[in-house]
Each structure stands twice: as C-alpha cells, then as structure tokens.
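Undergrad: This is work.cif, which holds mmCIF, N, CA and C atoms:
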```cif
data_work
loop_
_atom_site.label_atom_id
_atom_site.label_comp_id
_atom_site.auth_asym_id
_atom_site.auth_seq_id
_atom_site.Cartn_x
_atom_site.Cartn_y
_atom_site.Cartn_z
N MET A 256 0.85 -1.16 0.00
CA MET A 256 0.00 0.00 0.00
C MET A 256 0.91 1.24 0.00
N PRO A 257 0.69 2.18 -0.93
CA PRO A 257 1.53 3.38 -0.98
C PRO A 257 1.30 4.28 0.22
N ASN A 258 2.34 5.05 0.56
CA ASN A 258 2.27 5.97 1.68
C ASN A 258 1.47 7.19 1.26
N LYS A 259 0.25 7.33 1.75
CA LYS A 259 -0.61 8.45 1.38
C LYS A 259 -0.27 9.66 2.23
N LYS A 260 -0.05 10.80 1.59
CA LYS A 260 0.27 12.03 2.30
C LYS A 260 -0.97 12.91 2.33
N THR A 261 -1.25 13.46 3.48
CA THR A 261 -2.37 14.36 3.64
C THR A 261 -1.84 15.78 3.68
N GLN A 262 -2.49 16.66 2.95
CA GLN A 262 -2.08 18.06 2.96
C GLN A 262 -2.86 18.78 4.04
N VAL A 263 -2.12 19.54 4.87
CA VAL A 263 -2.71 20.34 5.92
C VAL A 263 -2.28 21.78 5.69
N ASN A 264 -3.22 22.69 5.74
CA ASN A 264 -2.91 24.10 5.53
C ASN A 264 -3.04 24.86 6.85
N PHE A 265 -2.09 25.75 7.09
CA PHE A 265 -2.09 26.58 8.29
C PHE A 265 -2.06 28.04 7.86
N THR A 266 -2.74 28.87 8.61
CA THR A 266 -2.61 30.31 8.45
C THR A 266 -1.81 30.81 9.63
N VAL A 267 -0.71 31.50 9.36
CA VAL A 267 0.14 31.99 10.44
C VAL A 267 0.35 33.49 10.28
N ASN A 268 0.63 34.13 11.40
CA ASN A 268 0.91 35.57 11.36
C ASN A 268 2.38 35.79 11.02
N GLY A 269 2.75 37.04 10.83
CA GLY A 269 4.11 37.38 10.46
C GLY A 269 5.13 36.94 11.48
N GLU A 270 4.79 37.03 12.75
CA GLU A 270 5.72 36.62 13.82
C GLU A 270 6.03 35.13 13.73
N THR A 271 5.01 34.32 13.50
CA THR A 271 5.20 32.88 13.38
C THR A 271 5.99 32.54 12.12
N LEU A 272 5.72 33.24 11.04
CA LEU A 272 6.47 33.01 9.80
C LEU A 272 7.94 33.35 9.99
N GLU A 273 8.23 34.42 10.70
CA GLU A 273 9.62 34.78 10.98
C GLU A 273 10.29 33.72 11.85
N LEU A 274 9.57 33.20 12.83
CA LEU A 274 10.11 32.13 13.68
C LEU A 274 10.43 30.89 12.85
N ILE A 275 9.55 30.54 11.92
CA ILE A 275 9.81 29.39 11.05
C ILE A 275 11.07 29.64 10.24
N GLU A 276 11.25 30.84 9.73
CA GLU A 276 12.45 31.16 8.96
C GLU A 276 13.71 31.03 9.83
N GLN A 277 13.63 31.50 11.08
CA GLN A 277 14.77 31.36 11.99
C GLN A 277 15.08 29.89 12.27
N LEU A 278 14.03 29.10 12.43
CA LEU A 278 14.24 27.68 12.70
C LEU A 278 14.77 26.92 11.49
N LYS A 279 14.44 27.37 10.28
CA LYS A 279 15.04 26.76 9.09
C LYS A 279 16.56 26.86 9.18
N GLU A 280 17.03 28.03 9.55
CA GLU A 280 18.48 28.23 9.67
C GLU A 280 19.04 27.41 10.83
N ALA A 281 18.38 27.46 11.98
CA ALA A 281 18.87 26.75 13.17
C ALA A 281 18.91 25.23 12.94
N PHE A 282 17.90 24.70 12.25
CA PHE A 282 17.83 23.26 11.99
C PHE A 282 18.61 22.86 10.74
N GLY A 283 19.01 23.84 9.94
CA GLY A 283 19.74 23.54 8.70
C GLY A 283 18.87 22.87 7.66
N VAL A 284 17.62 23.33 7.55
CA VAL A 284 16.68 22.75 6.57
C VAL A 284 16.17 23.83 5.63
N GLN A 285 15.52 23.40 4.55
CA GLN A 285 15.09 24.32 3.50
C GLN A 285 13.59 24.63 3.51
N THR A 286 12.78 23.76 4.12
CA THR A 286 11.33 23.89 3.95
C THR A 286 10.60 24.06 5.27
N ASN A 287 9.41 24.65 5.17
CA ASN A 287 8.55 24.78 6.35
C ASN A 287 8.17 23.40 6.88
N THR A 288 7.95 22.46 5.98
CA THR A 288 7.60 21.10 6.38
C THR A 288 8.69 20.47 7.23
N ALA A 289 9.94 20.66 6.83
CA ALA A 289 11.05 20.10 7.59
C ALA A 289 11.12 20.71 8.98
N VAL A 290 10.86 22.01 9.08
CA VAL A 290 10.83 22.67 10.39
C VAL A 290 9.73 22.07 11.25
N LEU A 291 8.54 21.92 10.69
CA LEU A 291 7.42 21.38 11.47
C LEU A 291 7.69 19.95 11.91
N ARG A 292 8.30 19.14 11.06
CA ARG A 292 8.62 17.76 11.45
C ARG A 292 9.56 17.73 12.65
N ARG A 293 10.60 18.57 12.59
CA ARG A 293 11.56 18.60 13.70
C ARG A 293 10.93 19.16 14.97
N ALA A 294 10.14 20.21 14.82
CA ALA A 294 9.49 20.81 15.98
C ALA A 294 8.53 19.82 16.64
N LEU A 295 7.80 19.08 15.83
CA LEU A 295 6.88 18.08 16.38
C LEU A 295 7.64 16.94 17.04
N ALA A 296 8.75 16.54 16.48
CA ALA A 296 9.57 15.49 17.10
C ALA A 296 10.08 15.94 18.46
N ILE A 297 10.53 17.20 18.54
CA ILE A 297 10.99 17.74 19.82
C ILE A 297 9.83 17.83 20.82
N ALA A 298 8.66 18.25 20.36
CA ALA A 298 7.49 18.34 21.24
C ALA A 298 7.09 16.96 21.75
N ARG A 299 7.14 15.95 20.87
CA ARG A 299 6.81 14.58 21.29
C ARG A 299 7.80 14.09 22.34
N LEU A 300 9.08 14.36 22.12
CA LEU A 300 10.12 13.98 23.08
C LEU A 300 9.87 14.64 24.44
N ALA A 301 9.55 15.93 24.41
CA ALA A 301 9.27 16.65 25.65
C ALA A 301 8.05 16.07 26.36
N ALA A 302 6.97 15.85 25.61
CA ALA A 302 5.74 15.32 26.20
C ALA A 302 5.95 13.93 26.79
N ASN A 303 6.73 13.11 26.11
CA ASN A 303 6.96 11.74 26.59
C ASN A 303 7.88 11.69 27.80
N ASN A 304 8.62 12.75 28.05
CA ASN A 304 9.59 12.74 29.14
C ASN A 304 9.30 13.77 30.23
N GLN A 305 8.11 14.34 30.20
CA GLN A 305 7.78 15.32 31.23
C GLN A 305 7.64 14.66 32.60
N ARG A 306 7.92 15.44 33.62
CA ARG A 306 7.77 14.96 34.99
C ARG A 306 6.30 14.98 35.39
N ASP A 307 5.99 14.45 36.56
CA ASP A 307 4.61 14.39 37.04
C ASP A 307 3.98 15.78 37.16
N ASP A 308 4.80 16.82 37.34
CA ASP A 308 4.26 18.18 37.44
C ASP A 308 4.19 18.87 36.06
N HIS A 309 4.32 18.07 35.00
CA HIS A 309 4.22 18.53 33.61
C HIS A 309 5.32 19.51 33.22
N THR A 310 6.50 19.33 33.80
CA THR A 310 7.63 20.18 33.45
C THR A 310 8.75 19.34 32.84
N ILE A 311 9.58 20.02 32.08
CA ILE A 311 10.83 19.44 31.59
C ILE A 311 11.92 20.47 31.89
N THR A 312 13.15 20.03 31.88
CA THR A 312 14.28 20.93 32.06
C THR A 312 15.16 20.84 30.83
N ILE A 313 15.50 22.00 30.29
CA ILE A 313 16.43 22.09 29.18
C ILE A 313 17.70 22.72 29.71
N VAL A 314 18.82 22.12 29.38
CA VAL A 314 20.11 22.65 29.81
C VAL A 314 20.71 23.41 28.63
N GLY A 315 20.98 24.70 28.84
CA GLY A 315 21.54 25.53 27.79
C GLY A 315 23.01 25.26 27.56
N LYS A 316 23.53 25.84 26.49
CA LYS A 316 24.95 25.67 26.15
C LYS A 316 25.85 26.13 27.28
N ASP A 317 25.37 27.10 28.04
CA ASP A 317 26.16 27.64 29.15
C ASP A 317 25.96 26.87 30.44
N GLY A 318 25.19 25.78 30.40
CA GLY A 318 24.95 24.96 31.58
C GLY A 318 23.77 25.42 32.41
N THR A 319 23.12 26.52 32.00
CA THR A 319 21.96 27.02 32.74
C THR A 319 20.77 26.09 32.52
N HIS A 320 20.10 25.73 33.62
CA HIS A 320 18.91 24.90 33.55
C HIS A 320 17.68 25.79 33.41
N ARG A 321 16.82 25.43 32.46
CA ARG A 321 15.57 26.18 32.25
C ARG A 321 14.42 25.19 32.38
N ASP A 322 13.56 25.42 33.38
CA ASP A 322 12.39 24.57 33.56
C ASP A 322 11.26 25.13 32.72
N ILE A 323 10.57 24.25 32.01
CA ILE A 323 9.46 24.62 31.13
C ILE A 323 8.23 23.85 31.54
N VAL A 324 7.11 24.55 31.70
CA VAL A 324 5.83 23.93 32.03
C VAL A 324 5.12 23.64 30.71
N LEU A 325 4.73 22.39 30.49
CA LEU A 325 4.14 22.00 29.21
C LEU A 325 2.63 22.20 29.13
N ASN A 326 1.97 22.31 30.26
CA ASN A 326 0.51 22.39 30.20
C ASN A 326 -0.03 23.73 30.70
N GLY A 327 0.72 24.77 30.57
CA GLY A 327 0.22 26.03 31.12
C GLY A 327 0.62 27.22 30.43
#
```
Represent the structure of the file as structure tokens.

TA:
Amino acid sequence: MPNKKTQVNFTVNGETLELIEQLKEAFGVQTNTAVLRRALAIARLAANNQRDDHTITIVGKDGTHRDIVLNG
C-alpha cells in the first residue's frame, strides 16, 4: 500500500512566519515542512519525558537549567 500524504494548511501571522524562517536556519533545513517535522519530534520527546508536574528541564549551552511547564 503506498504511503498516502495528507495536505494540511495553516494560516500563520508574520511573527510565526519569521520564527519558522529562523528555525530553518537553526535546523539547517530548507522547507517549512522540515521545520514542522523537527518541531513536532521535539514536542513529542518533551511530552513523553515530562515529569509528574508537567515540566521538563532544558540545559543551555552555558549549563543554565531552564524549567518549562508543558501544560500552562
């Protein structure tokens, strides 16, 4: 059975479009689709590894810990 692709359309504001452009560069990709795939993969990883209080911690390049609340 062939892999059927579904097209999904989003309307975004200028701020979101600029963020997507920044993420293209940060992720080293060419398309909006590639950005969304990576962003969703990161979101899935965060959701699957959140603590009981719905937080995750990201450690920055400088070693600073940043706690993020996923449900608020």

Undergrad: Do you know which residues lie at most 7 Å from (13.0, 20.2, 32.4), with coordinates as in the file and only C-alpha atoms counted, and could you write them as a list in words?

TA: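 Using only C-alpha atoms, the matching residues come out as Thr310, Ile311, Thr312, Ile313, Arg321, Asp322 and Ile323 of chain A.
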
Undergrad: List every protein, DNA or RNA residue that has at least one atom no more than 6.5 Å from (1.9, 17.1, 28.9) in the file's coordinates, counting only N, CA and C atoms, and write the result as a PyMOL selection string.

TA: chain A and resi 302+309+325-326

Undergrad: Rounded to one decimal, what separation in Å do you get between CA of Thr261 in chain A and CA of Ala289 in chain A?

TA: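 Straight-line distance from CA of Thr261 in chain A to CA of Ala289 in chain A works out to 15.1 Å.
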
Undergrad: Among the residues of chain A, find those DSSP assigns to strand (DSSP E) from the backbone and print them as a PyMOL selection string.

TA: chain A and resi 310-314+320-324

Undergrad: Could you dump the residues just selected with N, CA and C atoms as a PDB file, in the frame of the given file?

TA:
```
ATOM      1  N   THR A 310       6.500  19.330  33.800  1.00  0.00           N
ATOM      2  CA  THR A 310       7.630  20.180  33.450  1.00  0.00           C
ATOM      3  C   THR A 310       8.750  19.340  32.840  1.00  0.00           C
ATOM      4  N   ILE A 311       9.580  20.020  32.080  1.00  0.00           N
ATOM      5  CA  ILE A 311      10.830  19.440  31.590  1.00  0.00           C
ATOM      6  C   ILE A 311      11.920  20.470  31.890  1.00  0.00           C
ATOM      7  N   THR A 312      13.150  20.030  31.880  1.00  0.00           N
ATOM      8  CA  THR A 312      14.280  20.930  32.060  1.00  0.00           C
ATOM      9  C   THR A 312      15.160  20.840  30.830  1.00  0.00           C
ATOM     10  N   ILE A 313      15.500  22.000  30.290  1.00  0.00           N
ATOM     11  CA  ILE A 313      16.430  22.090  29.180  1.00  0.00           C
ATOM     12  C   ILE A 313      17.700  22.720  29.710  1.00  0.00           C
ATOM     13  N   VAL A 314      18.820  22.120  29.380  1.00  0.00           N
ATOM     14  CA  VAL A 314      20.110  22.650  29.810  1.00  0.00           C
ATOM     15  C   VAL A 314      20.710  23.410  28.630  1.00  0.00           C
ATOM     16  N   HIS A 320      20.100  25.730  33.620  1.00  0.00           N
ATOM     17  CA  HIS A 320      18.910  24.900  33.550  1.00  0.00           C
ATOM     18  C   HIS A 320      17.680  25.790  33.410  1.00  0.00           C
ATOM     19  N   ARG A 321      16.820  25.430  32.460  1.00  0.00           N
ATOM     20  CA  ARG A 321      15.570  26.180  32.250  1.00  0.00           C
ATOM     21  C   ARG A 321      14.420  25.190  32.380  1.00  0.00           C
ATOM     22  N   ASP A 322      13.560  25.420  33.380  1.00  0.00           N
ATOM     23  CA  ASP A 322      12.390  24.570  33.560  1.00  0.00           C
ATOM     24  C   ASP A 322      11.260  25.130  32.720  1.00  0.00           C
ATOM     25  N   ILE A 323      10.570  24.250  32.010  1.00  0.00           N
ATOM     26  CA  ILE A 323       9.460  24.620  31.130  1.00  0.00           C
ATOM     27  C   ILE A 323       8.230  23.850  31.540  1.00  0.00           C
ATOM     28  N   VAL A 324       7.110  24.550  31.700  1.00  0.00           N
ATOM     29  CA  VAL A 324       5.830  23.930  32.030  1.00  0.00           C
ATOM     30  C   VAL A 324       5.120  23.640  30.710  1.00  0.00           C
TER      31      VAL A 324
END
```

Undergrad: Work out how far apart atom N of Arg306 in chain A and CA of Arg293 in chain A are and give it in Å to one decimal.

TA: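 Taking atom N of Arg306 in chain A as the start and CA of Arg293 in chain A as the end point, the length is 20.5 Å.
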
Undergrad: Quick one: pull the distance between CA of Val290 in chain A and CA of Val263 in chain A, Å, one decimal.

TA: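 So the two atoms, CA of Val290 in chain A and CA of Val263 in chain A, lie 14.4 Å apart.
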
Undergrad: Given the file above and the PyMOL selection byres (((chain A and resi 278 and name CA) around 12) and name CA), which residues are selected, and can you give them as a ChimeraX atom specification?

TA: /A:271-277,279-294

Undergrad: If DSSP is run on the backbone, what residues of chain A are helix (DSSP H, G or I)? A reply as number ranges by chain would be ideal.

TA: A: 269-282, 287-303
